[in-house]
Amino acid sequence: MEISKVKIKTEFIKLDQLLKFAGLCDTGGFAKELIQQGAVKVNGEVCTMRGKKIRPGDVVDADQFRVEVE
């Protein structure tokens with residue numbers, strides 16, 4: 001599993017935006033598809049809400065990638 005740390009400067013970032021920002025998805029449409037297919041986990045639980053607020057301390061898993069938000 002490839003782990004990357006992403007630092008955000010705001011209170012939160014939406015899940016679909018995080019996937020793009022972290023480089024896991026090229027487009028917002030692809031991020032939306034991944035999320036709706038149930039391929040993304042937030043803190044170990046499948047999340048299908050693309051607007052879910054991700055805050056520092058959260059961990060997002062997609063396929064073989066893990067993003068730790070700081």
# chains A, B, ... in the order shown; residues from 1 in each chain; ligands from 1
>>> select_by_dssp(residues="chain A", states="helix (DSSP H, G or I)", output="PDB file with C-alpha atoms, in the first residue's frame")
ATOM      1  CA  LEU A  15     -13.856  13.722  -0.348  1.00  0.00           C
ATOM      2  CA  ASP A  16     -13.997  14.044  -4.145  1.00  0.00           C
ATOM      3  CA  GLN A  17     -11.749  17.125  -4.030  1.00  0.00           C
ATOM      4  CA  LEU A  18      -9.261  15.296  -1.816  1.00  0.00           C
ATOM      5  CA  LEU A  19      -8.964  12.413  -4.289  1.00  0.00           C
ATOM      6  CA  LYS A  20      -8.117  14.893  -7.048  1.00  0.00           C
ATOM      7  CA  PHE A  21      -5.836  17.007  -4.827  1.00  0.00           C
ATOM      8  CA  GLY A  28     -13.759  15.001 -10.570  1.00  0.00           C
ATOM      9  CA  GLY A  29     -15.939  12.659 -12.623  1.00  0.00           C
ATOM     10  CA  PHE A  30     -13.609   9.739 -12.004  1.00  0.00           C
ATOM     11  CA  ALA A  31     -13.481  10.586  -8.282  1.00  0.00           C
ATOM     12  CA  LYS A  32     -17.297  10.635  -8.202  1.00  0.00           C
ATOM     13  CA  GLU A  33     -17.447   7.220  -9.907  1.00  0.00           C
ATOM     14  CA  LEU A  34     -14.965   5.639  -7.484  1.00  0.00           C
ATOM     15  CA  ILE A  35     -16.871   6.983  -4.489  1.00  0.00           C
ATOM     16  CA  GLN A  36     -20.288   5.899  -5.789  1.00  0.00           C
TER      17      GLN A  36
END
>>> residues_around(residues="range 42-46 of chain A", least_positions_apart="5", cutoff="12 Å", atoms="only C-alpha atoms", output="list in words")
Lys14, Leu15, Asp16, Leu18, Leu19, Leu34, Ile35, Gln36, Gln37, Lys52, Lys53, Ile54, Arg55, Pro56, Gly57, Asp58, Val59, Val60, Asp61, Ala62, Asp63, Arg66, Val67, Glu68 and Val69 of chain A
>>> write_last_selection(atoms="N, CA, C and O atoms", output="CSV table (one decimal), in the first residue's frame")
chain,number,residue,atom,x,y,z
A,14,LYS,N,-13.6,18.4,0.8
A,14,LYS,CA,-14.6,17.4,0.4
A,14,LYS,C,-13.9,16.2,-0.2
A,14,LYS,O,-12.8,16.3,-0.8
A,15,LEU,N,-14.5,15.0,0.0
A,15,LEU,CA,-13.9,13.7,-0.3
A,15,LEU,C,-13.4,13.7,-1.8
A,15,LEU,O,-12.3,13.3,-2.1
A,16,ASP,N,-14.3,14.1,-2.7
A,16,ASP,CA,-14.0,14.0,-4.1
A,16,ASP,C,-12.9,15.0,-4.5
A,16,ASP,O,-12.0,14.7,-5.3
A,18,LEU,N,-10.5,15.9,-2.4
A,18,LEU,CA,-9.3,15.3,-1.8
A,18,LEU,C,-8.6,14.3,-2.8
A,18,LEU,O,-7.4,14.2,-3.0
A,19,LEU,N,-9.5,13.4,-3.4
A,19,LEU,CA,-9.0,12.4,-4.3
A,19,LEU,C,-8.2,13.1,-5.5
A,19,LEU,O,-7.2,12.6,-5.9
A,34,LEU,N,-15.6,6.5,-8.5
A,34,LEU,CA,-15.0,5.6,-7.5
A,34,LEU,C,-15.8,5.6,-6.2
A,34,LEU,O,-16.0,4.6,-5.6
A,35,ILE,N,-16.2,6.8,-5.8
A,35,ILE,CA,-16.9,7.0,-4.5
A,35,ILE,C,-18.2,6.3,-4.6
A,35,ILE,O,-18.6,5.5,-3.7
A,36,GLN,N,-19.0,6.5,-5.7
A,36,GLN,CA,-20.3,5.9,-5.8
A,36,GLN,C,-20.2,4.4,-5.9
A,36,GLN,O,-21.2,3.7,-5.5
A,37,GLN,N,-19.1,3.8,-6.4
A,37,GLN,CA,-19.0,2.4,-6.5
A,37,GLN,C,-18.6,1.7,-5.2
A,37,GLN,O,-18.5,0.5,-5.1
A,52,LYS,N,-18.5,14.3,1.5
A,52,LYS,CA,-18.2,14.1,2.9
A,52,LYS,C,-17.0,15.0,3.3
A,52,LYS,O,-16.0,15.1,2.5
A,53,LYS,N,-17.1,15.6,4.4
A,53,LYS,CA,-16.1,16.5,4.9
A,53,LYS,C,-14.9,15.7,5.5
A,53,LYS,O,-15.1,15.0,6.4
A,54,ILE,N,-13.8,15.9,4.9
A,54,ILE,CA,-12.6,15.2,5.4
A,54,ILE,C,-11.7,16.2,6.2
A,54,ILE,O,-11.4,17.3,5.6
A,55,ARG,N,-11.4,15.9,7.4
A,55,ARG,CA,-10.7,16.9,8.3
A,55,ARG,C,-9.3,16.3,8.6
A,55,ARG,O,-9.1,15.1,8.5
A,56,PRO,N,-8.4,17.2,9.1
A,56,PRO,CA,-7.1,16.6,9.5
A,56,PRO,C,-7.3,15.5,10.5
A,56,PRO,O,-8.1,15.5,11.4
A,57,GLY,N,-6.5,14.4,10.3
A,57,GLY,CA,-6.6,13.3,11.2
A,57,GLY,C,-7.3,12.1,10.5
A,57,GLY,O,-7.2,11.0,10.9
A,58,ASP,N,-8.1,12.4,9.5
A,58,ASP,CA,-8.8,11.4,8.7
A,58,ASP,C,-7.9,10.6,7.8
A,58,ASP,O,-6.9,11.2,7.3
A,59,VAL,N,-8.2,9.4,7.6
A,59,VAL,CA,-7.5,8.5,6.7
A,59,VAL,C,-8.4,8.0,5.6
A,59,VAL,O,-9.5,7.5,5.9
A,60,VAL,N,-8.0,8.2,4.3
A,60,VAL,CA,-8.8,7.8,3.2
A,60,VAL,C,-8.1,6.7,2.4
A,60,VAL,O,-6.9,6.9,2.0
A,61,ASP,N,-8.8,5.6,2.1
A,61,ASP,CA,-8.2,4.5,1.4
A,61,ASP,C,-8.9,4.4,0.0
A,61,ASP,O,-10.2,4.4,0.0
A,62,ALA,N,-8.2,4.2,-1.0
A,62,ALA,CA,-8.8,4.0,-2.4
A,62,ALA,C,-7.8,3.0,-3.1
A,62,ALA,O,-6.7,3.4,-3.3
A,63,ASP,N,-8.3,1.8,-3.4
A,63,ASP,CA,-7.5,0.8,-4.0
A,63,ASP,C,-6.2,0.5,-3.2
A,63,ASP,O,-6.4,0.2,-2.0
A,66,ARG,N,-3.4,5.0,0.3
A,66,ARG,CA,-3.9,5.6,1.5
A,66,ARG,C,-3.4,7.0,1.6
A,66,ARG,O,-2.3,7.4,1.4
A,67,VAL,N,-4.4,7.9,1.9
A,67,VAL,CA,-4.1,9.3,2.1
A,67,VAL,C,-4.3,9.7,3.6
A,67,VAL,O,-5.4,9.5,4.1
A,68,GLU,N,-3.3,10.2,4.2
A,68,GLU,CA,-3.5,10.7,5.6
A,68,GLU,C,-3.5,12.2,5.6
A,68,GLU,O,-2.6,12.8,5.1
A,69,VAL,N,-4.6,12.8,6.1
A,69,VAL,CA,-4.8,14.2,6.0
A,69,VAL,C,-4.3,14.9,7.3
A,69,VAL,O,-4.5,14.4,8.4
>>> select_by_dssp(residues="chain A", states="strand (DSSP E or B)", output="PyMOL selection string")
chain A and resi 2-6+13-14+40-42+45-46+53-54+59-62+65-69
